[in-house]
$ cat final24.pdb   # PDB, C-alpha atoms
ATOM      1  CA  MET A 220       0.000   0.000   0.000
ATOM      2  CA  ILE A 221       2.866   2.369   0.681
ATOM      3  CA  ILE A 222       4.550   1.941  -2.715
ATOM      4  CA  PRO A 223       1.571   3.287  -4.722
ATOM      5  CA  TYR A 224       1.238   6.189  -2.247
ATOM      6  CA  VAL A 225       4.920   7.134  -2.590
ATOM      7  CA  ALA A 226       4.743   6.840  -6.382
ATOM      8  CA  LEU A 227       1.590   8.993  -6.568
ATOM      9  CA  SER A 228       2.903  11.647  -4.190
ATOM     10  CA  SER A 229       6.254  11.854  -6.033
ATOM     11  CA  TRP A 230       4.487  12.197  -9.375
ATOM     12  CA  LEU A 231       2.164  14.919  -8.041
ATOM     13  CA  TYR A 232       5.087  16.797  -6.450
ATOM     14  CA  GLN A 233       6.996  16.817  -9.742
ATOM     15  CA  ARG A 234       3.947  18.002 -11.683
ATOM     16  CA  LYS A 235       3.214  20.887  -9.289
ATOM     17  CA  PHE A 236       6.795  22.092  -8.717
ATOM     18  CA  ARG A 237       7.578  25.465 -10.349
ATOM     19  CA  LEU A 238      10.453  27.887  -9.845
ATOM     20  CA  TRP A 239      10.527  31.473 -11.104
ATOM     21  CA  ALA A 240      13.477  33.806 -10.628
ATOM     22  CA  ILE A 241      13.734  37.497 -11.478
ATOM     23  CA  ALA A 242      16.259  40.193 -10.583
ATOM     24  CA  GLU A 243      14.558  41.235  -7.308
ATOM     25  CA  ALA A 244      13.094  37.963  -5.994
ATOM     26  CA  PHE A 245      12.218  34.375  -6.728
ATOM     27  CA  GLN A 246       9.110  32.252  -6.235
ATOM     28  CA  VAL A 247       8.793  28.536  -5.551
ATOM     29  CA  GLN A 248       5.477  26.743  -5.953
ATOM     30  CA  LYS A 249       5.232  23.160  -4.734
ATOM     31  CA  GLY A 250       2.916  20.713  -3.061
ATOM     32  CA  ILE A 251       1.529  17.216  -3.177
ATOM     33  CA  PHE A 252      -2.163  17.359  -2.361
ATOM     34  CA  GLY A 253      -2.270  21.090  -1.662
ATOM     35  CA  SER A 254      -0.247  24.039  -2.842
ATOM     36  CA  ASP A 255       2.561  25.897  -1.103
ATOM     37  CA  GLU A 256       4.069  29.092  -2.497
ATOM     38  CA  VAL A 257       7.141  30.904  -1.226
ATOM     39  CA  ILE A 258       8.260  34.298  -2.492
ATOM     40  CA  MET A 259      11.665  35.417  -1.277
ATOM     41  CA  ILE A 260      13.656  38.571  -1.908
ATOM     42  CA  TRP A 261      17.285  37.855  -2.764
ATOM     43  CA  ASN A 262      18.734  40.025   0.011
ATOM     44  CA  LYS A 263      16.905  37.931   2.652
ATOM     45  CA  VAL A 264      19.157  34.951   1.895
ATOM     46  CA  GLN A 265      21.853  34.595   4.549
ATOM     47  CA  SER A 266      23.652  31.588   3.099
ATOM     48  CA  ILE A 267      23.173  28.973   0.416
ATOM     49  CA  LYS A 268      24.256  25.369   0.013
ATOM     50  CA  LEU A 269      24.456  23.273  -3.152
ATOM     51  CA  ALA A 270      24.359  19.512  -2.541
ATOM     52  CA  GLN A 271      24.438  16.460  -4.782
ATOM     53  CA  SER A 272      23.994  12.792  -3.970
ATOM     54  CA  LEU A 273      25.519  10.052  -6.106
ATOM     55  CA  TYR A 274      22.191   9.587  -7.895
ATOM     56  CA  GLN A 275      21.934  13.321  -8.543
ATOM     57  CA  ARG A 276      25.476  13.479  -9.947
ATOM     58  CA  ARG A 277      24.730  10.634 -12.342
ATOM     59  CA  LYS A 278      21.495  12.303 -13.517
ATOM     60  CA  LYS A 279      23.046  15.838 -13.497
ATOM     61  CA  LEU A 280      20.667  17.123 -10.810
ATOM     62  CA  ALA A 281      21.249  19.108  -7.614
ATOM     63  CA  THR A 282      19.502  20.295  -4.464
ATOM     64  CA  LEU A 283      19.713  23.893  -3.240
ATOM     65  CA  LYS A 284      19.210  24.935   0.358
ATOM     66  CA  LEU A 285      18.643  28.648   0.980
ATOM     67  CA  PHE A 286      19.073  29.651   4.613
ATOM     68  CA  THR A 287      17.239  32.717   5.927
ATOM     69  CA  ALA A 288      16.365  34.088   9.336
ATOM     70  CA  GLY A 289      12.918  32.500   8.970
ATOM     71  CA  GLY A 290      14.131  29.008   8.137
ATOM     72  CA  VAL A 291      15.434  26.890   5.300
ATOM     73  CA  LEU A 292      13.985  26.762   1.793
ATOM     74  CA  THR A 293      14.910  23.554  -0.021
ATOM     75  CA  ILE A 294      14.708  23.314  -3.792
ATOM     76  CA  PRO A 295      15.231  19.616  -4.600
ATOM     77  CA  PHE A 296      16.183  17.844  -7.819
ATOM     78  CA  ILE A 297      16.648  20.723 -10.237
ATOM     79  CA  LYS A 298      19.017  20.622 -13.206
ATOM     80  CA  GLU A 299      22.644  21.030 -12.197
ATOM     81  CA  GLN A 300      23.239  24.038 -14.462
ATOM     82  CA  GLU A 301      20.128  25.838 -13.142
ATOM     83  CA  ALA A 302      21.197  25.114  -9.565
ATOM     84  CA  THR A 303      24.663  26.498 -10.243
ATOM     85  CA  ASP A 304      23.215  29.617 -11.873
ATOM     86  CA  ILE A 305      20.846  30.248  -8.934
ATOM     87  CA  PHE A 306      23.662  29.555  -6.472
ATOM     88  CA  ASN A 307      26.009  32.044  -8.152
ATOM     89  CA  TYR A 308      23.301  34.698  -8.528
ATOM     90  CA  ALA A 309      22.225  34.340  -4.879
ATOM     91  CA  LEU A 310      25.829  34.734  -3.740
ATOM     92  CA  TYR A 311      26.258  37.752  -5.992
ATOM     93  CA  LYS A 312      23.073  39.437  -4.707
ATOM     94  CA  THR A 313      23.918  38.605  -1.083
ATOM     95  CA  GLU A 314      27.484  39.874  -1.254
ATOM     96  CA  SER A 315      27.012  42.922  -3.492
ATOM     97  CA  GLY A 316      23.796  44.270  -2.005
ATOM     98  CA  ASN A 317      23.974  47.082   0.495
ATOM     99  CA  LYS A 318      20.436  46.573   1.852
ATOM    100  CA  ASN A 319      19.974  45.204   5.351
ATOM    101  CA  TRP A 320      18.429  41.749   5.536
ATOM    102  CA  MET A 321      16.444  42.650   8.672
TER
END
$ encode --input "final24.pdb" --output "structure tokens"
Amino acid sequence: MIIPYVALSSWLYQRKFRLWAIAEAFQVQKGIFGSDEVIMIWNKVQSIKLAQSLYQRRKKLATLKLFTAGGVLTIPFIKEQEATDIFNYALYKTESGNKNWM
């Protein structure tokens, strides 16, 4: 009974996952049976981590973790090049911005 549930929930998660990024902010939409949307301004990011498992390396995927004062936003299983681009842009916006994050 658990295998069909895991398969269905994984399929629904992949279908509903969306990521939009613009110069000022980015938006993540995800969910399994509901919908969860997060909009974050780039200067709110305190640190960022790019991680890859062995499976992700073989499939050229990556997981991003964005750390803020309010918690951690995880963006799992995105293309490696997109993850690297977001990682570099987030570091650039965090380091070059002169706005306070609080």
$ resolve_selection --input "final24.pdb" --expression "the PyMOL selection byres ((chain A and resi 242) around 10)" --output "MDAnalysis selection string"
chainID A and resid 240:241 243:245 260:261 308 312
$ write_last_selection --input "final24.pdb" --atoms "C-alpha atoms" --output "CSV table (one decimal), keeping the file's coordinate frame"
chain,number,residue,atom,x,y,z
A,240,ALA,CA,13.5,33.8,-10.6
A,241,ILE,CA,13.7,37.5,-11.5
A,243,GLU,CA,14.6,41.2,-7.3
A,244,ALA,CA,13.1,38.0,-6.0
A,245,PHE,CA,12.2,34.4,-6.7
A,260,ILE,CA,13.7,38.6,-1.9
A,261,TRP,CA,17.3,37.9,-2.8
A,308,TYR,CA,23.3,34.7,-8.5
A,312,LYS,CA,23.1,39.4,-4.7
$ closest_residue --input "final24.pdb" --among "A:Phe286, A:Trp239, A:Asp255, A:Val225" --to "Ile305 in chain A" --atoms "only C-alpha atoms"
A:Trp239
$ atom_distance --input "final24.pdb" --atom1 "CA of Ala281 in chain A" --atom2 "CA of Asn317 in chain A"
29.3 Å
$ resolve_selection --input "final24.pdb" --expression "the PyMOL selection byres ((chain A and resi 270) around 8)" --output "MDAnalysis selection string"
chainID A and resid 268:269 271:272 281:283
$ atom_distance --input "final24.pdb" --atom1 "CA of Ser229 in chain A" --atom2 "CA of Val291 in chain A"
20.9 Å
$ closest_residue --input "final24.pdb" --among "A:Val257, A:Ile297, A:Leu292, A:Ile222" --to "Lys278 in chain A" --atoms "only C-alpha atoms"
A:Ile297
$ atom_distance --input "final24.pdb" --atom1 "CA of Ser254 in chain A" --atom2 "CA of Arg237 in chain A"
10.9 Å
$ resolve_selection --input "final24.pdb" --expression "the PyMOL selection byres ((chain A and resi 310) around 12)" --output "PyMOL selection string"
chain A and resi 261-269+285-286+303-309+311-316
$ closest_residue --input "final24.pdb" --among "A:Leu231, A:Thr293, A:Gln300, A:Tyr224" --to "Leu280 in chain A" --atoms "all atoms listed in the file"
A:Gln300
$ closest_residue --input "final24.pdb" --among "A:Ile258, A:Lys298, A:Thr287, A:Leu273" --to "Gln246 in chain A" --atoms "all atoms listed in the file"
A:Ile258
$ axis_aligned_box --input "final24.pdb" --around "range 257-270 of chain A" --padding-each-side "8 Å" --output "lines of an AutoDock Vina configuration file"
center_x = 15.8
center_y = 29.8
center_z = 0.7
size_x = 33.3
size_y = 36.5
size_z = 23.7
$ residues_around --input "final24.pdb" --residues "Gly253 in chain A" --least-positions-apart "6" --cutoff "12 Å" --atoms "only C-alpha atoms" --output "count of residues only"
5
$ closest_residue --input "final24.pdb" --among "A:Ile221, A:Leu238, A:Ile251, A:Met259" --to "Pro295 in chain A" --atoms "only C-alpha atoms"
A:Leu238
